[in-house]
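Read through the structure below, which is laid out as structure tokens, and then see the notes.
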Amino acid sequence: MYEGAVQELIDELGRLPGIGPKSAQRIAFHILDADAEDMTRLAASIQQAKEKVRFCEICFNISEQDTCAICRDERRDASQICIVEESKDVLAIERTRAFNGKYHVLGGSINPIAGIGPEQLHIRELVSRLGDSSITELILATDPNLEGEATAIYLVRQLSPLGIKITRLASGLPVGGDLEYADEVTLARAFEGRRNTIAPTSSRA
């Protein structure tokens with residue numbers, strides 16, 4: 001235990017996701033050793049982000065305006081909505097350049113242990129968006145874990161009566177991975193998504 005401001009800094013850093021006690025201590029001492037101007041810029045950036053960044057009124061992605069750049073972009077395909085858990089998932093999908101539709105960010109996933117139910121997510125707002133007859137497909141892109149699967153199943157049950165096509169991102173065993181290390185959800189999805197193979201043709205000299 002350290003005294004005063006140092007311990008308080010370590011404690012605050014330790015509250016960040018993925019930062020354990022040792023990492024918090026290491027980051028704290030890096031901050032103390034770093035140039036004062038660099039740390040002042042860091043503090044100013046954090047404060048600026050908290051003051052300027054908000055959630056898009058349409059899709060709940062992060063934005064500095066009432067609506068995000070993707071929702072404002074008329075070149076995007078408004079007939080497809082990709083449903084994700086967090087804003088960081090939008091960035092991951094955008095990097096692939098494989099999707100040109102719109103998004104809806106749920107703000108998490110169903111997790112009863114953590115006290116997160118459907119009412120804590122932006123599902124009601126999603127249903128409201130689906131009153132637009134131009135929407136023809138919903139793409140479920142929740143995480144391939146127990147919470148993500150539970151959320152996807154709930155959404156399918158709630159949204160299927162609307163008559164809109166609902167698809168789910170394919171997932172399965174990673175290339176180069178070992179079968180014995182695959183978790184139950186990944187292995188089950190790999191079986192569900194199995195496809196026919198074509199035997200290689202033999203060539204004769």
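Residue numbers start at 1 in each chain; chains themselves are named A, B, ... in the order of the structure tokens; ligands are numbered from 1 in the order shown.
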
List every residue of region 77-196 of chain A that DSSP, applied to the backbone of this structure, places in alpha helix (DSSP H), and write the result as a PyMOL selection string. chain A and resi 87-96+123-129+146-159+184-192

How close does region 80-174 of chain A get to region 53-74 of chain A? List, as a tab-separated table, each residue of region 80-174 of chain A within 6 Å, its nearest atom pair and the distance in Å to one decimal, counting only C-alpha atoms.
residue	atom	partner	partner_atom	distance
A:Ser87	CA	A:Asn61	CA	5.3
A:His104	CA	A:Cys59	CA	4.4
A:Val105	CA	A:Phe60	CA	5.4

DSSP says strand (DSSP E) for which residues of region 1-119 of chain A? Put them as a ChimeraX atom specification? /A:54-55,62-63,77-84,101-105

Just the selected residues (C-alpha atoms), exported as a tab-separated table (two decimals), in the first residue's frame, please.
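That gives us result.tsv:
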chain	number	residue	atom	x	y	z
A	54	ARG	CA	-22.44	10.81	-26.74
A	55	PHE	CA	-24.59	8.04	-28.16
A	62	ILE	CA	-20.71	6.59	-30.11
A	63	SER	CA	-20.80	9.97	-31.80
A	77	ASP	CA	-27.74	0.32	-47.43
A	78	ALA	CA	-30.62	1.19	-45.09
A	79	SER	CA	-32.36	-2.13	-45.77
A	80	GLN	CA	-29.84	-4.04	-43.63
A	81	ILE	CA	-29.26	-3.54	-39.91
A	82	CYS	CA	-26.38	-5.31	-38.19
A	83	ILE	CA	-27.09	-5.76	-34.46
A	84	VAL	CA	-24.01	-5.68	-32.22
A	101	GLY	CA	-25.57	-1.37	-44.12
A	102	LYS	CA	-26.57	0.33	-40.87
A	103	TYR	CA	-26.05	-0.76	-37.26
A	104	HIS	CA	-27.87	-1.02	-33.96
A	105	VAL	CA	-25.81	-1.14	-30.77

Please determine, counting only C-alpha atoms, which residue among A:Ile93, A:Pro112, A:Ile164, A:Arg75 has the shortest atom-to-atom distance to Asp132 (chain A). A:Ile164

Gap from CA of Leu140 (chain A) to CA of Arg168 (chain A) - Å, one decimal: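 Going from CA of Leu140 (chain A) over to CA of Arg168 (chain A), I get 4.7 Å.
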
Students should find that CA of Phe191 (chain A) and CA of Leu169 (chain A) are spaced 14.3 Å
